[in-house]
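For reference, entry26.cif (mmCIF, C-alpha atoms and all ligand atoms):
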```
data_structure
loop_
_atom_site.label_atom_id
_atom_site.label_comp_id
_atom_site.auth_asym_id
_atom_site.auth_seq_id
_atom_site.Cartn_x
_atom_site.Cartn_y
_atom_site.Cartn_z
CA VAL A 1 87.97 30.81 -29.10
CA TYR A 2 88.15 31.85 -32.74
CA SER A 3 90.02 34.81 -34.21
CA ASP A 4 86.83 36.40 -35.50
CA ALA A 5 83.06 36.04 -35.39
CA LYS A 6 82.73 35.03 -39.04
CA THR A 7 85.03 31.99 -38.70
CA ALA A 8 83.33 31.03 -35.45
CA SER A 9 79.87 31.36 -37.02
CA VAL A 10 80.84 29.09 -39.92
CA ALA A 11 82.12 26.49 -37.41
CA VAL A 12 78.80 26.58 -35.53
CA ALA A 13 76.82 26.36 -38.80
CA ASP A 14 78.93 23.35 -39.83
CA LYS A 15 78.12 21.66 -36.54
CA ILE A 16 74.39 22.26 -37.05
CA ALA A 17 74.60 21.01 -40.65
CA LYS A 18 76.43 17.87 -39.49
CA LEU A 19 73.72 17.16 -36.91
CA ILE A 20 70.96 17.64 -39.51
CA LYS A 21 72.71 15.30 -41.99
CA ALA A 22 73.41 12.63 -39.36
CA LYS A 23 69.75 12.64 -38.37
CA GLN A 24 68.69 12.59 -42.03
CA ALA A 25 70.86 9.53 -42.66
CA ARG A 26 69.04 7.74 -39.84
CA GLY A 27 65.61 8.89 -41.05
CA GLU A 28 65.17 11.00 -37.91
CA LYS A 29 64.16 14.58 -37.20
CA ALA A 30 66.65 17.12 -35.84
CA VAL A 31 65.10 19.27 -33.10
CA LEU A 32 66.87 22.62 -32.86
CA GLY A 33 66.53 25.39 -30.28
CA LEU A 34 67.20 28.73 -31.96
CA ALA A 35 68.08 32.24 -30.83
CA THR A 36 67.57 35.67 -32.38
CA GLY A 37 69.57 38.89 -32.05
CA ALA A 38 72.78 40.00 -33.75
CA THR A 39 74.86 37.05 -32.54
CA PRO A 40 73.49 34.15 -34.68
CA VAL A 41 72.93 36.16 -37.89
CA ALA A 42 76.10 34.88 -39.63
CA VAL A 43 75.33 31.31 -38.51
CA TYR A 44 71.95 31.50 -40.24
CA GLY A 45 73.60 33.17 -43.25
CA GLU A 46 76.00 30.24 -43.59
CA LEU A 47 73.16 27.70 -43.23
CA VAL A 48 71.24 29.49 -45.99
CA ARG A 49 74.38 29.42 -48.16
CA GLN A 50 74.81 25.68 -47.56
CA HIS A 51 71.14 25.15 -48.47
CA LYS A 52 71.42 27.14 -51.71
CA GLU A 53 74.89 26.07 -52.82
CA GLU A 54 75.38 22.64 -51.28
CA GLY A 55 71.86 21.27 -51.09
CA LEU A 56 71.62 21.14 -47.28
CA SER A 57 67.96 20.27 -46.66
CA PHE A 58 65.89 21.28 -43.64
CA LYS A 59 62.99 18.97 -44.44
CA ASN A 60 63.73 16.87 -41.35
CA VAL A 61 64.28 19.88 -39.06
CA ILE A 62 61.97 21.04 -36.28
CA THR A 63 62.74 24.32 -34.55
CA PHE A 64 61.81 25.97 -31.27
CA ASN A 65 62.80 29.58 -30.73
CA LEU A 66 63.88 30.68 -27.29
CA ASP A 67 61.73 33.73 -26.92
CA GLU A 68 59.47 36.49 -28.21
CA TYR A 69 58.57 39.91 -26.89
CA TYR A 70 55.14 40.26 -25.28
CA PRO A 71 52.93 41.67 -26.55
CA MET A 72 54.18 41.41 -30.11
CA LYS A 73 52.47 40.98 -33.48
CA PRO A 74 54.30 38.45 -35.67
CA THR A 75 54.13 40.90 -38.57
CA ALA A 76 55.90 43.71 -36.66
CA ALA A 77 59.41 44.58 -37.86
CA GLN A 78 60.84 43.90 -34.38
CA SER A 79 59.14 40.55 -33.83
CA TYR A 80 61.31 37.46 -33.54
CA VAL A 81 59.00 35.84 -36.09
CA THR A 82 60.01 38.50 -38.64
CA PHE A 83 63.66 38.09 -37.62
CA MET A 84 63.62 34.31 -38.08
CA TYR A 85 61.86 34.43 -41.46
CA ASP A 86 64.11 37.23 -42.75
CA ASN A 87 67.32 35.58 -41.62
CA LEU A 88 66.55 31.88 -42.07
CA PHE A 89 63.14 30.35 -42.64
CA SER A 90 62.20 32.25 -45.84
CA HIS A 91 65.39 31.06 -47.50
CA ILE A 92 65.36 27.33 -46.72
CA ASP A 93 63.10 24.33 -47.35
CA ILE A 94 61.87 23.88 -43.76
CA ASP A 95 58.21 22.85 -43.38
CA LYS A 96 56.67 25.94 -41.78
CA ASN A 97 54.53 23.63 -39.59
CA ASN A 98 57.80 22.56 -37.95
CA VAL A 99 58.62 26.12 -36.84
CA HIS A 100 57.73 27.08 -33.25
CA ILE A 101 58.11 30.58 -31.84
CA PRO A 102 56.47 31.80 -28.60
CA ASP A 103 53.22 33.60 -29.43
CA GLY A 104 53.28 37.28 -28.51
CA THR A 105 49.64 37.80 -29.48
CA LEU A 106 47.95 35.75 -26.75
CA ASP A 107 45.65 37.16 -24.10
CA ALA A 108 47.52 37.33 -20.80
CA ASP A 109 45.35 34.59 -19.29
CA ALA A 110 46.21 32.19 -22.14
CA VAL A 111 49.97 32.49 -21.75
CA VAL A 112 50.47 29.86 -19.03
CA ALA A 113 48.64 27.17 -21.02
CA PHE A 114 50.65 28.11 -24.12
CA CYS A 115 53.93 27.79 -22.19
CA VAL A 116 52.98 24.38 -20.75
CA GLU A 117 52.10 23.23 -24.28
CA TYR A 118 55.43 24.57 -25.66
CA GLU A 119 57.35 22.47 -23.13
CA LYS A 120 55.15 19.46 -23.88
CA LYS A 121 55.74 19.72 -27.62
CA ILE A 122 59.51 19.78 -27.14
CA GLU A 123 59.30 16.73 -24.90
CA GLU A 124 57.00 14.81 -27.25
CA LEU A 125 59.49 15.33 -30.08
CA GLY A 126 62.21 13.77 -27.96
CA GLY A 127 63.74 16.96 -26.60
CA LEU A 128 66.10 19.49 -28.12
CA ASP A 129 69.13 17.98 -29.85
CA LEU A 130 70.95 21.30 -29.84
CA GLN A 131 70.18 24.69 -28.32
CA ILE A 132 72.06 27.73 -29.54
CA LEU A 133 72.29 30.80 -27.34
CA GLY A 134 73.53 34.36 -27.32
CA ILE A 135 74.10 36.21 -24.05
CA GLY A 136 72.72 39.56 -22.94
CA ARG A 137 74.79 42.07 -20.99
CA THR A 138 72.66 41.25 -17.92
CA GLY A 139 73.87 37.65 -18.22
CA HIS A 140 70.52 36.52 -19.60
CA ILE A 141 70.18 33.44 -21.79
CA GLY A 142 66.91 33.45 -23.66
CA PHE A 143 65.18 36.19 -21.71
CA ASN A 144 66.02 34.59 -18.37
CA GLU A 145 67.02 37.75 -16.57
CA PRO A 146 68.82 38.01 -13.20
CA GLY A 147 66.68 36.30 -10.57
CA SER A 148 65.65 33.42 -12.86
CA ALA A 149 65.57 30.01 -11.21
CA PRO A 150 67.81 27.22 -12.54
CA ASN A 151 64.79 24.92 -12.97
CA SER A 152 62.56 27.55 -14.62
CA GLY A 153 60.39 26.53 -17.57
CA THR A 154 58.83 28.46 -20.43
CA ARG A 155 57.01 31.45 -18.97
CA MET A 156 56.23 35.15 -19.15
CA VAL A 157 59.04 37.34 -17.76
CA THR A 158 59.75 41.01 -17.16
CA LEU A 159 62.69 42.37 -19.12
CA ASP A 160 65.60 43.97 -17.30
CA ASP A 161 66.10 47.70 -17.83
CA LEU A 162 69.53 47.11 -19.43
CA THR A 163 67.99 44.62 -21.88
CA ARG A 164 65.36 47.18 -22.86
CA ARG A 165 68.04 49.85 -23.31
CA ASP A 166 70.03 47.48 -25.54
CA ALA A 167 66.88 46.85 -27.62
CA ALA A 168 65.97 50.55 -27.82
CA ARG A 169 67.63 51.05 -31.21
CA ASP A 170 65.42 48.41 -32.86
CA PHE A 171 62.30 50.05 -31.47
CA GLY A 172 63.21 53.72 -32.01
CA GLY A 173 63.53 54.35 -28.26
CA LYS A 174 63.34 52.45 -24.97
CA ALA A 175 59.78 53.59 -24.28
CA ASP A 176 58.56 51.44 -27.17
CA VAL A 177 60.44 48.27 -26.13
CA PRO A 178 57.94 45.84 -24.56
CA THR A 179 58.42 45.34 -20.82
CA LYS A 180 57.67 41.64 -21.05
CA ALA A 181 58.56 38.55 -23.05
CA ILE A 182 57.80 34.85 -23.24
CA THR A 183 60.95 32.76 -22.89
CA MET A 184 62.05 29.17 -22.52
CA GLY A 185 63.38 28.69 -19.00
CA ILE A 186 66.87 27.84 -17.79
CA GLY A 187 65.49 24.37 -17.04
CA THR A 188 64.19 24.07 -20.63
CA ILE A 189 67.60 25.06 -22.03
CA PHE A 190 69.38 22.63 -19.69
CA LYS A 191 67.42 19.68 -21.01
CA ALA A 192 68.94 20.14 -24.50
CA ARG A 193 71.41 17.38 -25.32
CA GLU A 194 73.91 19.98 -26.45
CA ILE A 195 74.15 23.73 -25.80
CA ILE A 196 76.28 26.26 -27.70
CA LEU A 197 76.56 29.80 -26.35
CA MET A 198 78.07 32.29 -28.76
CA ALA A 199 79.40 35.78 -28.05
CA TRP A 200 81.25 38.27 -30.20
CA SER A 201 83.03 41.56 -29.59
CA LYS A 202 84.51 43.53 -26.73
CA LYS A 203 80.99 44.51 -25.65
CA LYS A 204 80.44 40.96 -24.38
CA ALA A 205 83.88 40.45 -22.75
CA GLU A 206 82.84 41.52 -19.25
CA ILE A 207 79.71 39.34 -19.10
CA ILE A 208 81.57 36.39 -20.64
CA LYS A 209 84.16 36.59 -17.87
CA LYS A 210 81.39 36.55 -15.26
CA ALA A 211 79.52 33.72 -17.01
CA VAL A 212 82.58 31.48 -17.34
CA GLU A 213 84.65 32.35 -14.27
CA GLY A 214 82.21 34.01 -11.89
CA GLU A 215 80.39 32.48 -8.94
CA ILE A 216 77.33 30.46 -9.97
CA SER A 217 74.34 32.62 -9.11
CA GLY A 218 70.92 33.70 -10.29
CA GLU A 219 72.37 37.22 -10.45
CA VAL A 220 74.07 36.14 -13.68
CA PRO A 221 71.81 33.43 -15.12
CA ALA A 222 74.40 32.28 -17.68
CA THR A 223 76.62 31.11 -14.78
CA TYR A 224 74.23 28.17 -14.38
CA LEU A 225 75.74 26.82 -17.62
CA GLN A 226 78.89 26.05 -15.57
CA LEU A 227 76.86 23.16 -14.15
CA SER A 228 76.23 21.59 -17.56
CA ASP A 229 78.45 18.90 -19.07
CA ASN A 230 77.01 19.54 -22.52
CA VAL A 231 77.79 23.19 -23.07
CA GLU A 232 80.32 24.85 -25.32
CA PHE A 233 81.11 28.58 -25.37
CA VAL A 234 82.08 29.72 -28.86
CA LEU A 235 83.77 33.13 -28.69
CA ASP A 236 85.71 35.50 -30.84
CA ALA A 237 89.04 36.78 -29.48
CA GLU A 238 87.49 40.04 -28.26
CA ALA A 239 84.67 38.40 -26.29
CA ALA A 240 87.26 36.06 -24.73
CA SER A 241 89.72 38.87 -23.98
CA GLU A 242 88.97 39.16 -20.24
CA LEU A 243 89.15 35.43 -19.49
CA THR A 244 92.10 34.43 -17.32
C1 LIG A 301 67.49 36.10 -28.35
C2 LIG A 301 67.85 35.87 -26.96
C3 LIG A 301 68.78 36.76 -26.22
C4 LIG A 301 69.98 37.22 -27.06
C5 LIG A 301 70.85 38.17 -26.26
C6 LIG A 301 72.02 38.69 -27.08
O1 LIG A 301 66.59 35.13 -28.81
O2 LIG A 301 67.34 34.95 -26.39
O3 LIG A 301 69.23 36.10 -25.07
O4 LIG A 301 70.71 36.10 -27.45
O5 LIG A 301 70.09 39.25 -25.82
O6 LIG A 301 71.54 39.51 -28.11
P1 LIG A 301 72.53 39.96 -29.28
O7 LIG A 301 72.90 38.73 -30.03
O8 LIG A 301 71.69 40.89 -30.14
O9 LIG A 301 73.70 40.62 -28.65
#
```

Just give me the structure as structure tokens.
Ligand code: F6R
Amino acid sequence: VYSDAKTASVAVADKIAKLIKAKQARGEKAVLGLATGATPVAVYGELVRQHKEEGLSFKNVITFNLDEYYPMKPTAAQSYVTFMYDNLFSHIDIDKNNVHIPDGTLDADAVVAFCVEYEKKIEELGGLDLQILGIGRTGHIGFNEPGSAPNSGTRMVTLDDLTRRDAARDFGGKADVPTKAITMGIGTIFKAREIILMAWSKKKAEIIKKAVEGEISGEVPATYLQLSDNVEFVLDAEAASELT
């Protein structure tokens, strides 16, 4: 628990930078699982700063994003492709061929094959070294909404009504928020060698209490993280304020 989100975000960015450098020193790739949304913005900001001011290189980094709305054009303002380029990829020296984000433009009947391939690519690269997560007010991680199975893989899902309400501002109203998304599964996330879930502000306090102290259940998918030995929750004081 950190006093504020900025300090916490810098600590997470430092951890990511350390992993990248350790891999670089061994001539290896770092395989990162990334999240979008408000939560990781300052983490990406700090990584960009370290790239520009301290020479942190992303040449050995491969990334897999958790999710994307479906359908979604990559060029749309609300797409997670736009988000990732605006907040990170356009400002660093990552090889764009090493960037993977679920494809929101596929025909519905091509989605399953895409998802199987997404999982396969992660595995072929040796698995995710580190997965970073935010948490939705439904308890979702990625877009694994209530009802998601602990062994779920990358797949098409239906978004919870609360998730669509929370996204309404970005889309100029709930009616325009897609009803579906493609997301890595809980099982995909679990295979990462290290998982960091971040949450900031009072708005997340209630769901953080459930995720950390509540009964493990598909009703609150983030509770499955209680079963992992490799997970760290990084919180600001407000998000942690309801923990006993
Ligand atoms: C985003 C994602 C979601 C968000 C969650 C929190 O890629 O997978 O699980 O992390 O909805 O969103 P923010 O950070 O906007 O509160």

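Considering the residues A:Thr223, A:Thr105, A:Ser201, A:Thr138 and counting only C-alpha atoms, Ile182 (chain A) has its shortest atom-to-atom contact with A:Thr105.
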
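Counting all atoms listed in the file and comparing A:Ile196, A:Ala205, A:Ile16, A:Ala35, the residue that lies closest to His100 (chain A) is A:Ala35.
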
For ligand LIG 301 (chain A), return the neighbouring residues as a PDB file with C-alpha atoms, in the frame of the given file (distance at most 6 Å; only C-alpha atoms and all ligand atoms).
```
ATOM      1  CA  ALA A  35      68.080  32.240 -30.830  1.00  0.00           C
ATOM      2  CA  THR A  36      67.570  35.670 -32.380  1.00  0.00           C
ATOM      3  CA  GLY A  37      69.570  38.890 -32.050  1.00  0.00           C
ATOM      4  CA  ALA A  38      72.780  40.000 -33.750  1.00  0.00           C
ATOM      5  CA  THR A  39      74.860  37.050 -32.540  1.00  0.00           C
ATOM      6  CA  LEU A  66      63.880  30.680 -27.290  1.00  0.00           C
ATOM      7  CA  ASP A  67      61.730  33.730 -26.920  1.00  0.00           C
ATOM      8  CA  LEU A 133      72.290  30.800 -27.340  1.00  0.00           C
ATOM      9  CA  GLY A 134      73.530  34.360 -27.320  1.00  0.00           C
ATOM     10  CA  ILE A 135      74.100  36.210 -24.050  1.00  0.00           C
ATOM     11  CA  GLY A 136      72.720  39.560 -22.940  1.00  0.00           C
ATOM     12  CA  HIS A 140      70.520  36.520 -19.600  1.00  0.00           C
ATOM     13  CA  ILE A 141      70.180  33.440 -21.790  1.00  0.00           C
ATOM     14  CA  GLY A 142      66.910  33.450 -23.660  1.00  0.00           C
ATOM     15  CA  PHE A 143      65.180  36.190 -21.710  1.00  0.00           C
TER      16      PHE A 143
END
```

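Note that CA of Leu34 (chain A) and CA of Arg49 (chain A) are 17.7 Å apart.
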
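Picture a line from CA of Glu145 (chain A) to CA of Thr82 (chain A); it runs 23.2 Å.
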